[in-house]
>>> print(open('work27.cif').read())   # mmCIF, C-alpha atoms
data_upload
loop_
_atom_site.label_atom_id
_atom_site.label_comp_id
_atom_site.auth_asym_id
_atom_site.auth_seq_id
_atom_site.Cartn_x
_atom_site.Cartn_y
_atom_site.Cartn_z
CA MET A 19 106.51 100.16 85.32
CA SER A 20 104.01 102.66 84.02
CA GLY A 21 101.16 101.56 86.27
CA ARG A 22 98.62 102.03 83.50
CA ASP A 23 97.54 98.40 83.30
CA VAL A 24 97.84 95.69 85.98
CA GLY A 25 96.76 92.06 85.62
CA ILE A 26 96.13 90.08 88.82
CA VAL A 27 96.17 86.28 88.80
CA GLY A 28 93.91 84.81 91.49
CA GLY A 29 90.54 85.96 92.81
CA GLY A 30 90.79 84.94 96.44
CA LEU A 31 90.61 87.46 99.29
CA LEU A 32 94.21 88.54 98.62
CA GLY A 33 93.81 89.09 94.88
CA VAL A 34 90.48 90.88 95.19
CA GLY A 35 91.84 93.01 98.03
CA ILE A 36 94.78 94.11 95.87
CA ALA A 37 92.48 94.78 92.90
CA TYR A 38 90.18 96.91 95.05
CA ARG A 39 93.00 99.04 96.45
CA LEU A 40 94.54 99.54 93.02
CA ALA A 41 91.20 100.41 91.44
CA ARG A 42 90.62 102.98 94.16
CA ALA A 43 94.00 104.47 93.31
CA GLY A 44 92.98 104.91 89.68
CA VAL A 45 94.97 101.98 88.29
CA LYS A 46 93.44 99.96 85.46
CA VAL A 47 92.98 96.43 86.78
CA THR A 48 92.11 93.08 85.23
CA LEU A 49 91.62 90.17 87.62
CA TYR A 50 91.73 86.55 86.40
CA GLU A 51 90.01 83.80 88.39
CA ARG A 52 89.80 80.19 87.19
CA ASP A 53 86.64 79.37 89.19
CA ALA A 54 83.10 80.53 88.46
CA ARG A 55 83.06 82.71 91.57
CA LEU A 56 85.53 84.86 93.47
CA GLY A 57 86.66 83.83 96.95
CA GLY A 58 89.18 81.00 96.72
CA LEU A 59 89.83 79.38 100.10
CA ALA A 60 87.81 82.16 101.76
CA GLY A 61 84.76 81.51 99.56
CA THR A 62 81.60 79.52 100.00
CA THR A 63 80.36 76.23 98.63
CA ASP A 64 76.88 74.79 98.12
CA LEU A 65 76.05 72.27 100.84
CA GLY A 66 72.64 70.79 100.21
CA GLY A 67 71.13 74.03 98.94
CA TYR A 68 72.83 76.41 101.37
CA ASP A 69 75.95 78.50 100.80
CA VAL A 70 78.44 77.78 103.58
CA ASP A 71 82.10 78.58 104.08
CA ARG A 72 84.25 76.04 102.26
CA TYR A 73 86.62 76.23 105.24
CA TYR A 74 85.81 77.77 108.61
CA HIS A 75 86.55 81.45 109.20
CA ALA A 76 86.04 83.83 112.10
CA VAL A 77 86.37 87.56 112.70
CA LEU A 78 87.89 88.75 115.97
CA PRO A 79 87.02 92.02 117.71
CA THR A 80 90.61 93.17 117.04
CA ASP A 81 90.45 92.48 113.26
CA ASP A 82 90.47 96.19 112.48
CA ARG A 83 91.39 95.75 108.79
CA VAL A 84 88.48 93.36 108.21
CA LEU A 85 85.98 95.49 110.09
CA ALA A 86 87.09 98.75 108.45
CA LEU A 87 86.99 97.22 104.97
CA ALA A 88 83.54 95.75 105.59
CA GLU A 89 82.29 99.22 106.50
CA GLU A 90 84.11 100.73 103.51
CA VAL A 91 82.22 98.55 101.02
CA GLY A 92 78.85 99.11 102.62
CA LEU A 93 78.39 96.15 104.95
CA GLU A 94 76.25 97.48 107.78
CA GLU A 95 77.48 97.16 111.35
CA GLU A 96 74.89 94.47 112.09
CA SER A 97 76.30 92.35 109.25
CA VAL A 98 79.30 91.53 111.47
CA ARG A 99 78.03 89.81 114.58
CA MET A 100 80.20 89.22 117.64
CA ARG A 101 79.17 86.59 120.15
CA ARG A 102 80.47 85.04 123.33
CA LEU A 103 81.35 81.42 122.76
CA GLY A 104 83.33 78.54 124.17
CA VAL A 105 86.67 76.97 123.36
CA GLY A 106 87.57 73.52 124.63
CA PHE A 107 90.11 70.69 124.59
CA PHE A 108 89.82 66.96 124.20
CA HIS A 109 92.59 65.98 126.60
CA ASP A 110 93.36 62.56 128.08
CA GLY A 111 90.11 61.19 126.70
CA ARG A 112 87.84 63.83 128.19
CA LEU A 113 86.46 67.26 127.40
CA ALA A 114 87.73 70.36 129.16
CA SER A 115 86.59 73.95 128.65
CA MET A 116 89.15 76.72 128.33
CA SER A 117 86.93 79.71 127.61
CA THR A 118 87.85 81.89 130.60
CA PRO A 119 91.02 82.64 132.63
CA LYS A 120 89.54 80.67 135.53
CA GLU A 121 89.21 77.58 133.34
CA LEU A 122 92.82 78.04 132.28
CA LEU A 123 93.77 77.62 135.93
CA THR A 124 91.61 74.50 136.38
CA PHE A 125 92.67 72.69 133.22
CA PRO A 126 92.67 68.92 133.99
CA GLY A 127 95.67 66.66 133.63
CA LEU A 128 98.15 69.35 134.69
CA ALA A 129 99.67 70.05 138.09
CA MET A 130 98.92 73.48 139.56
CA ARG A 131 102.50 74.65 138.91
CA ASP A 132 102.07 73.73 135.23
CA ARG A 133 98.78 75.62 135.04
CA MET A 134 100.47 78.66 136.56
CA ALA A 135 103.33 78.29 134.06
CA LEU A 136 100.75 78.19 131.25
CA VAL A 137 99.04 81.38 132.46
CA GLY A 138 102.41 83.12 132.81
CA PHE A 139 103.56 82.02 129.37
CA VAL A 140 100.39 83.24 127.64
CA ALA A 141 100.63 86.59 129.43
CA ARG A 142 104.30 87.09 128.47
CA CYS A 143 103.57 86.32 124.82
CA GLN A 144 100.67 88.74 124.73
CA LEU A 145 102.68 91.52 126.35
CA ARG A 146 105.80 91.02 124.21
CA LYS A 147 105.96 93.59 121.42
CA GLY A 148 108.85 92.56 119.18
CA HIS A 149 109.66 89.31 117.42
CA ALA A 150 112.95 89.87 115.57
CA ASP A 151 115.05 88.11 118.22
CA LEU A 152 112.78 85.03 117.99
CA GLU A 153 113.22 84.36 114.25
CA ASP A 154 116.34 82.23 114.72
CA VAL A 155 115.08 80.48 117.87
CA PRO A 156 113.67 76.93 117.47
CA LEU A 157 110.16 76.73 118.88
CA GLU A 158 110.53 73.56 120.95
CA GLY A 159 113.52 74.74 122.95
CA TRP A 160 111.95 78.14 123.51
CA LEU A 161 108.66 76.62 124.75
CA ARG A 162 110.49 74.27 127.09
CA ARG A 163 112.44 77.17 128.59
CA MET A 164 109.43 79.47 128.82
CA ALA A 165 106.79 77.03 130.07
CA GLY A 166 108.59 73.89 131.23
CA ASP A 167 109.10 70.34 129.97
CA ARG A 168 105.86 68.94 131.42
CA LEU A 169 103.73 71.54 129.68
CA TRP A 170 105.60 70.84 126.46
CA ASP A 171 104.94 67.11 126.68
CA ARG A 172 101.33 67.37 127.82
CA LEU A 173 100.04 70.33 125.78
CA TRP A 174 102.27 72.03 123.23
CA ARG A 175 103.82 68.99 121.56
CA PRO A 176 100.52 67.19 120.81
CA LEU A 177 98.96 70.44 119.56
CA LEU A 178 101.90 71.09 117.23
CA GLU A 179 101.96 67.49 116.03
CA SER A 180 98.28 67.81 115.17
CA LYS A 181 98.56 71.18 113.42
CA PHE A 182 101.74 70.41 111.44
CA ASP A 183 101.31 66.69 110.72
CA GLY A 184 104.25 65.89 113.01
CA ARG A 185 106.67 68.34 111.34
CA TYR A 186 107.15 71.05 113.95
CA HIS A 187 110.89 70.74 114.60
CA ASP A 188 111.91 73.53 112.21
CA LEU A 189 109.36 76.11 113.43
CA PRO A 190 110.59 79.41 114.90
CA ALA A 191 109.44 80.78 118.24
CA THR A 192 107.64 83.53 116.33
CA TYR A 193 104.86 81.05 115.47
CA MET A 194 103.65 80.65 119.04
CA TRP A 195 104.30 84.31 119.88
CA SER A 196 102.05 85.38 117.00
CA ARG A 197 99.37 82.82 117.82
CA MET A 198 99.20 83.86 121.48
CA ARG A 199 98.98 87.53 120.56
CA ARG A 200 96.09 86.83 118.19
CA THR A 201 94.37 84.73 120.85
CA ALA A 202 94.40 87.79 123.12
CA GLY A 203 92.02 89.43 120.64
CA THR A 204 89.34 86.80 121.24
CA ARG A 205 88.56 87.79 124.84
CA ASP A 206 86.36 90.56 126.20
CA ARG A 207 87.00 92.46 129.44
CA SER A 208 85.65 89.60 131.53
CA GLY A 209 88.03 87.16 129.82
CA GLN A 210 85.25 85.37 127.90
CA GLU A 211 86.00 84.23 124.35
CA VAL A 212 84.32 86.42 121.71
CA MET A 213 84.33 85.81 117.96
CA GLY A 214 82.25 87.01 115.06
CA TRP A 215 81.00 86.21 111.58
CA ILE A 216 80.25 88.31 108.54
CA HIS A 217 76.67 87.54 107.51
CA GLY A 218 77.21 85.58 104.30
CA GLY A 219 80.81 84.80 105.23
CA TYR A 220 83.95 86.29 103.71
CA GLN A 221 82.25 85.55 100.39
CA GLU A 222 79.98 88.55 101.00
CA LEU A 223 83.01 90.79 101.59
CA VAL A 224 84.80 89.42 98.52
CA ASP A 225 81.73 89.91 96.32
CA ARG A 226 81.36 93.51 97.52
CA LEU A 227 85.04 94.16 96.76
CA GLY A 228 84.64 92.65 93.29
CA ALA A 229 81.62 94.83 92.60
CA GLU A 230 83.59 97.91 93.62
CA VAL A 231 86.43 96.94 91.28
CA GLY A 232 83.94 96.75 88.41
CA ARG A 233 82.31 100.03 89.39
CA ARG A 234 85.71 101.73 89.23
CA GLY A 235 86.43 100.47 85.74
CA GLY A 236 88.25 97.24 86.53
CA GLU A 237 87.60 93.97 84.72
CA ILE A 238 87.00 90.64 86.46
CA LEU A 239 87.21 87.51 84.30
CA LEU A 240 85.76 84.40 85.95
CA ASP A 241 86.10 80.85 84.62
CA THR A 242 89.38 82.02 83.14
CA ARG A 243 92.49 79.90 83.57
CA VAL A 244 95.83 81.62 83.09
CA GLY A 245 97.98 79.36 80.92
CA GLY A 246 101.28 81.09 81.63
CA ILE A 247 103.19 84.30 82.23
CA PRO A 248 105.70 84.70 79.39
CA SER A 249 108.68 87.02 79.31
CA GLN A 250 111.11 88.68 76.95
CA ASP A 251 114.55 90.01 77.90
CA GLY A 252 113.77 89.32 81.55
CA ARG A 253 110.47 91.22 81.60
CA ALA A 254 107.02 89.73 82.16
CA LEU A 255 104.81 90.50 79.17
CA GLY A 256 101.35 89.68 80.52
CA VAL A 257 99.28 86.51 80.80
CA VAL A 258 98.36 83.79 78.33
CA ILE A 259 94.63 83.06 78.04
CA ASP A 260 93.46 80.34 75.62
CA GLY A 261 96.83 80.41 73.90
CA ARG A 262 96.87 84.16 73.35
CA LEU A 263 98.88 86.84 75.13
CA ARG A 264 97.01 89.52 77.04
CA PRO A 265 99.67 92.18 77.69
CA HIS A 266 99.96 94.06 80.99
CA ASP A 267 102.44 96.59 82.29
CA LEU A 268 102.54 94.59 85.53
CA VAL A 269 101.35 91.07 86.40
CA VAL A 270 100.59 90.41 90.07
CA THR A 271 100.47 86.75 91.10
CA THR A 272 98.84 85.57 94.34
CA GLN A 273 99.72 81.86 94.13
CA LEU A 274 102.00 80.10 96.58
CA ARG A 275 105.42 79.38 95.14
CA PRO A 276 104.99 75.78 93.89
CA THR A 277 101.95 76.82 91.82
CA LEU A 278 103.59 80.03 90.65
CA GLU A 279 106.55 78.10 89.25
CA THR A 280 104.18 76.25 86.90
CA LEU A 281 102.94 79.56 85.47
CA VAL A 282 106.00 81.74 84.90
CA SER A 283 108.53 81.35 82.10
CA GLU A 284 111.83 79.65 82.82
CA GLU A 285 113.49 83.04 82.65
CA LEU A 286 111.18 84.50 85.30
CA ALA A 287 111.44 81.38 87.47
CA GLY A 288 115.19 81.93 87.64
CA ALA A 289 114.61 85.44 88.96
CA LEU A 290 112.43 84.28 91.85
CA GLY A 291 115.31 83.06 93.99
CA PRO A 292 115.14 80.09 96.38
CA ASP A 293 111.87 79.14 98.05
CA ARG A 294 112.61 79.04 101.77
CA ASN A 295 109.17 77.99 102.92
CA ARG A 296 107.38 74.68 103.06
CA TYR A 297 103.64 74.26 102.91
CA LEU A 298 100.70 72.74 104.73
CA GLY A 299 97.65 71.11 103.20
CA ILE A 300 94.23 70.39 104.68
CA VAL A 301 91.53 67.75 104.46
CA CYS A 302 88.27 69.05 105.94
CA LEU A 303 84.89 67.40 106.39
CA VAL A 304 82.03 69.90 106.71
CA MET A 305 78.59 68.76 107.83
CA ARG A 306 75.19 70.40 108.13
CA VAL A 307 73.45 68.65 111.02
CA LYS A 308 70.05 68.92 112.67
CA ARG A 309 71.29 69.49 116.21
CA SER A 310 74.33 71.03 117.85
CA VAL A 311 77.17 68.56 118.26
CA SER A 312 79.71 70.45 120.39
CA PRO A 313 79.27 73.00 123.19
CA TYR A 314 82.37 74.78 121.84
CA TYR A 315 83.06 76.89 118.80
CA ALA A 316 86.48 75.22 118.56
CA LEU A 317 87.65 72.01 120.19
CA ASN A 318 91.43 71.54 120.22
CA ILE A 319 92.60 67.93 120.34
CA THR A 320 95.64 67.02 122.42
CA ASP A 321 94.69 63.35 122.66
CA ARG A 322 96.73 61.97 119.76
CA SER A 323 94.72 58.76 119.63
CA VAL A 324 92.27 60.93 117.66
CA PRO A 325 94.12 61.78 114.41
CA ILE A 326 92.31 64.99 113.46
CA THR A 327 93.30 68.56 114.25
CA SER A 328 90.11 69.96 115.76
CA ILE A 329 86.32 70.06 115.63
CA VAL A 330 84.82 73.48 114.88
CA GLU A 331 81.10 74.18 115.17
CA THR A 332 80.84 77.57 113.54
CA THR A 333 77.14 78.00 114.24
CA HIS A 334 78.07 79.18 117.72
CA ALA A 335 78.94 82.37 115.79
CA VAL A 336 77.02 81.86 112.54
CA ASP A 337 73.22 82.09 112.58
CA PRO A 338 71.98 78.48 112.15
CA GLU A 339 68.93 79.65 110.17
CA ALA A 340 71.28 81.22 107.60
CA VAL A 341 72.88 77.87 106.83
CA GLY A 342 70.00 75.46 107.35
CA GLY A 343 71.19 73.78 110.53
CA HIS A 344 74.38 73.49 112.54
CA LEU A 345 77.72 73.60 110.74
CA VAL A 346 80.47 71.29 111.96
CA TYR A 347 83.96 71.32 110.42
CA VAL A 348 86.39 68.47 111.05
CA PRO A 349 89.80 69.56 109.71
CA HIS A 350 93.03 67.61 109.52
CA TYR A 351 96.08 69.65 108.54
CA VAL A 352 98.51 67.52 106.58
CA ASP A 353 101.85 67.65 104.84
CA PRO A 354 101.34 67.91 101.05
CA SER A 355 102.80 64.40 100.70
CA ASN A 356 100.28 62.84 103.10
CA PRO A 357 98.30 60.07 101.29
CA GLU A 358 95.15 61.18 103.08
CA LEU A 359 94.83 63.89 100.44
CA ASP A 360 94.22 61.15 97.86
CA ARG A 361 91.68 59.09 99.80
CA SER A 362 88.06 59.00 98.68
CA SER A 363 85.59 61.41 100.24
CA ALA A 364 83.50 58.44 101.42
CA GLU A 365 86.44 56.98 103.35
CA ILE A 366 87.30 60.32 104.94
CA THR A 367 83.67 60.96 105.86
CA ARG A 368 83.34 57.57 107.58
CA GLU A 369 86.58 57.98 109.51
CA PHE A 370 86.09 61.61 110.54
CA THR A 371 82.48 61.11 111.66
CA GLY A 372 83.75 58.19 113.73
CA HIS A 373 86.20 60.51 115.50
CA VAL A 374 83.41 63.01 116.16
CA ARG A 375 81.21 60.28 117.62
CA ARG A 376 84.02 59.07 119.87
CA ILE A 377 84.40 62.55 121.37
CA PHE A 378 80.67 63.36 121.37
CA PRO A 379 78.81 60.02 121.82
CA HIS A 380 75.43 61.75 121.46
CA PHE A 381 76.26 62.66 117.85
CA ASP A 382 74.08 60.63 115.49
CA PRO A 383 75.28 60.38 111.86
CA ALA A 384 71.59 60.14 110.91
CA ASP A 385 71.32 63.82 111.90
CA VAL A 386 73.64 64.82 109.04
CA LEU A 387 71.61 66.75 106.46
CA ALA A 388 74.46 67.20 103.99
CA SER A 389 78.23 66.85 103.98
CA GLN A 390 81.25 67.20 101.76
CA VAL A 391 85.03 66.92 101.94
CA ALA A 392 87.17 69.90 100.93
CA ARG A 393 90.90 69.50 100.46
CA THR A 394 93.93 71.31 99.14
CA ARG A 395 97.63 70.41 99.13
CA MET A 396 98.72 73.95 99.85
CA ALA A 397 96.44 75.76 102.27
CA GLU A 398 99.14 77.90 103.86
CA PRO A 399 102.90 78.49 104.05
CA VAL A 400 105.01 77.20 106.92
CA HIS A 401 107.75 79.64 107.88
CA THR A 402 110.85 77.98 109.29
CA VAL A 403 113.73 78.93 111.60
CA GLY A 404 116.29 81.49 110.54
CA VAL A 405 114.74 82.77 107.32
CA ALA A 406 114.13 86.48 107.84
CA GLN A 407 113.31 87.27 104.18
CA ARG A 408 110.63 84.63 103.91
CA ALA A 409 108.64 85.91 100.96
CA GLY A 410 111.44 87.19 98.73
CA ASP A 411 111.39 90.31 96.59
CA LEU A 412 107.94 91.67 95.76
CA PHE A 413 109.27 92.70 92.32
CA PRO A 414 111.69 89.90 91.34
CA ALA A 415 111.65 90.91 87.66
CA PRO A 416 110.39 93.87 85.62
CA GLY A 417 106.67 93.61 85.03
CA LEU A 418 106.15 90.96 87.73
CA ALA A 419 104.96 91.27 91.34
CA VAL A 420 104.86 88.15 93.51
CA ALA A 421 102.28 88.37 96.29
CA SER A 422 100.95 85.44 98.31
CA SER A 423 100.03 84.42 101.83
CA ALA A 424 103.75 83.73 102.35
CA ARG A 425 103.98 87.47 103.04
CA ILE A 426 101.95 87.30 106.24
CA TYR A 427 105.02 86.59 108.40
CA PRO A 428 105.19 86.94 111.38
CA GLU A 429 101.40 86.73 111.52
CA ILE A 430 99.50 83.47 111.02
CA VAL A 431 97.04 82.88 108.18
CA ASN A 432 93.67 84.60 108.70
CA GLY A 433 91.59 87.27 107.00
CA GLN A 434 93.15 90.08 109.02
CA ALA A 435 96.66 89.04 108.00
CA ILE A 436 95.71 88.53 104.34
CA LEU A 437 94.20 92.01 104.11
CA GLY A 438 97.37 93.41 105.65
CA VAL A 439 99.32 91.84 102.78
CA SER A 440 96.88 93.14 100.16
CA ASP A 441 97.13 96.70 101.51
CA HIS A 442 100.93 96.57 101.62
CA VAL A 443 101.30 95.06 98.15
CA ALA A 444 98.88 97.55 96.58
CA GLU A 445 100.64 100.49 98.16
CA GLN A 446 104.04 99.25 97.02
CA ILE A 447 102.72 98.87 93.47
CA VAL A 448 101.25 102.37 93.47
CA ASN A 449 104.46 103.83 94.88
CA SER A 450 106.56 101.97 92.32
CA THR A 451 104.41 102.85 89.33
CA SER A 452 103.40 106.44 89.93
CA GLY A 453 105.61 107.79 92.70
CA GLN A 454 102.68 108.39 95.06
CA ALA A 455 103.50 108.42 98.73
CA ARG A 456 100.21 106.74 99.59
CA LEU A 457 97.03 105.46 97.99
CA ARG A 458 94.70 108.22 96.94
CA ALA A 459 91.38 108.46 98.70
CA ALA A 460 88.36 107.35 96.73
#
>>> encode(input="work27.cif", output="structure tokens")
Amino acid sequence: MSGRDVGIVGGGLLGVGIAYRLARAGVKVTLYERDARLGGLAGTTDLGGYDVDRYYHAVLPTDDRVLALAEEVGLEEESVRMRRLGVGFFHDGRLASMSTPKELLTFPGLAMRDRMALVGFVARCQLRKGHADLEDVPLEGWLRRMAGDRLWDRLWRPLLESKFDGRYHDLPATYMWSRMRRTAGTRDRSGQEVMGWIHGGYQELVDRLGAEVGRRGGEILLDTRVGGIPSQDGRALGVVIDGRLRPHDLVVTTQLRPTLETLVSEELAGALGPDRNRYLGIVCLVMRVKRSVSPYYALNITDRSVPITSIVETTHAVDPEAVGGHLVYVPHYVDPSNPELDRSSAEITREFTGHVRRIFPHFDPADVLASQVARTRMAEPVHTVGVAQRAGDLFPAPGLAVASSARIYPEIVNGQAILGVSDHVAEQIVNSTSGQARLRAA
């Protein structure tokens, strides 16, 4: 691979992050995005005249990659705002706060020994450095041993059922280890939950990255659907746009595997190897409302009589005046085969607002200023037990690099993890194409 000309398919945070790093390294980059704006799942949508996150996103104080990159592209320090906020549970039909260590010890519906087991489990996860010995360990058995059967039945099982649409039996222990370690980054010295927001959302960061790519000679083509990635003698040739080949020395794809397989030639598909992951979709109602609905930024739901995953009011971190009210997200993570993905937006809106009103009786649907339903069949990969090489070879065939959120393992999907993948992929491409030991400074 000569490294003279790289085409990147997908203009989400991952694709734009790779393009930015490559452009900084002096590589000629062309980025293809099918939508009219960069951002993908991290981007914004118009909700009654205001740009809001299509899906909810937060920045933690420990998200060093996000914060450093924001500074790198000229986002002032005050553009990233950290605030103390609350996290709660809807448990046994009632609300319970879990925003401080003290509240962890007073969590209702659990005996004191179970609360102590919970505190001990969280602490052990956050102190544990390595994960390799957990990859082959089923999550359920590990949680039962570490925290006890009662805590499993009362807390962990309903949370996992909610997050994974009932399919949690093949998860490795690394999932909870990674989640608990990330949770540690949400607390300040007093133990209070702290999260932040980039003013303008991740969209602002993505747009700044895109502008930098252009400034460094890269090309960004919006409203451009890639029709395929052809090959000859086992080598990717470039991308097909409107029936014509645009050649590249290297094509970088950022799609999850099922989508990627619809793009590459049969010859290249055979070089990809088996797909060892499964995937998780999401159906998410977002509402702009006149008044605050929840006292918490995030409400986890362990009461399985309410068939949604959580309720997230992001305007505990986001400035309400920036989005014309209070933003409430009602997500339901689903298996890609779940028929809920095919239901009408009107049906989903009626049902999900009913769940919100059951939990928060003061919520009045008449207060909703604007709403919409976002959905995707493949929001994130699900890594399963005993598959150490979860993402496969970065360069499965000459002229082709396969990068996606499947490469976050053992982290969980978030902006910090995605930018870690983009940095790693870009550096591997530069090393492979020009023999550099590291990316050159700007």
>>> closest_atom_pairs(input="work27.cif", of="range 201-308 of chain A", to="range 365-386 of chain A", cutoff="12 Å", atoms="all atoms listed in the file", output="Markdown table")
| residue | atom | partner | partner_atom | distance |
| --- | --- | --- | --- | --- |
| A:Val301 | CA | A:Ile366 | CA | 8.6 |
| A:Cys302 | CA | A:Ile366 | CA | 8.8 |
| A:Leu303 | CA | A:Thr367 | CA | 6.6 |
| A:Val304 | CA | A:Thr367 | CA | 9.1 |
| A:Met305 | CA | A:Val386 | CA | 6.4 |
| A:Arg306 | CA | A:Val386 | CA | 5.9 |
| A:Val307 | CA | A:Val386 | CA | 4.3 |
| A:Lys308 | CA | A:Asp385 | CA | 5.3 |
>>> atom_distance(input="work27.cif", atom1="CA of Val231 in chain A", atom2="CA of Glu94 in chain A")
19.4 Å
>>> residues_near_point(input="work27.cif", point="(101.6, 74.2, 134.1)", cutoff="9 Å", atoms="only C-alpha atoms", output="ChimeraX atom specification")
/A:123,128-137,165-166,168-169
>>> resolve_selection(input="work27.cif", expression="the PyMOL selection byres ((chain A and resi 339) around 12)", output="list in words")
Tyr68, Asp69, Val70, His217, Gly218, Arg306, Val307, Lys308, Thr333, His334, Ala335, Val336, Asp337, Pro338, Ala340, Val341, Gly342, Gly343, His344 and Leu345 of chain A
>>> write_last_selection(input="work27.cif", atoms="C-alpha atoms", output="PDB file, keeping the file's coordinate frame")
ATOM      1  CA  TYR A  68      72.830  76.410 101.370  1.00  0.00           C
ATOM      2  CA  ASP A  69      75.950  78.500 100.800  1.00  0.00           C
ATOM      3  CA  VAL A  70      78.440  77.780 103.580  1.00  0.00           C
ATOM      4  CA  HIS A 217      76.670  87.540 107.510  1.00  0.00           C
ATOM      5  CA  GLY A 218      77.210  85.580 104.300  1.00  0.00           C
ATOM      6  CA  ARG A 306      75.190  70.400 108.130  1.00  0.00           C
ATOM      7  CA  VAL A 307      73.450  68.650 111.020  1.00  0.00           C
ATOM      8  CA  LYS A 308      70.050  68.920 112.670  1.00  0.00           C
ATOM      9  CA  THR A 333      77.140  78.000 114.240  1.00  0.00           C
ATOM     10  CA  HIS A 334      78.070  79.180 117.720  1.00  0.00           C
ATOM     11  CA  ALA A 335      78.940  82.370 115.790  1.00  0.00           C
ATOM     12  CA  VAL A 336      77.020  81.860 112.540  1.00  0.00           C
ATOM     13  CA  ASP A 337      73.220  82.090 112.580  1.00  0.00           C
ATOM     14  CA  PRO A 338      71.980  78.480 112.150  1.00  0.00           C
ATOM     15  CA  ALA A 340      71.280  81.220 107.600  1.00  0.00           C
ATOM     16  CA  VAL A 341      72.880  77.870 106.830  1.00  0.00           C
ATOM     17  CA  GLY A 342      70.000  75.460 107.350  1.00  0.00           C
ATOM     18  CA  GLY A 343      71.190  73.780 110.530  1.00  0.00           C
ATOM     19  CA  HIS A 344      74.380  73.490 112.540  1.00  0.00           C
ATOM     20  CA  LEU A 345      77.720  73.600 110.740  1.00  0.00           C
TER      21      LEU A 345
END
>>> axis_aligned_box(input="work27.cif", around="range 241-246 of chain A", padding_each_side="8 Å", output="lines of an AutoDock Vina configuration file")
center_x = 93.7
center_y = 80.7
center_z = 82.8
size_x = 31.2
size_y = 18.7
size_z = 19.7
>>> resolve_selection(input="work27.cif", expression="the PyMOL selection byres ((chain A and resi 111) around 12)", output="list of chain:residue names")
A:Phe107, A:Phe108, A:His109, A:Asp110, A:Arg112, A:Leu113, A:Ala114, A:Pro126, A:Gly127, A:Ile319, A:Thr320, A:Asp321, A:Arg322, A:Ser323, A:Val324, A:His373, A:Arg376, A:Ile377, A:Phe378
>>> residues_around(input="work27.cif", residues="range 240-251 of chain A", least_positions_apart="3", cutoff="8 Å", atoms="only C-alpha atoms", output="VMD selection string")
chain A and resid 27 50 to 56 254 to 261 280 to 283 285 to 286
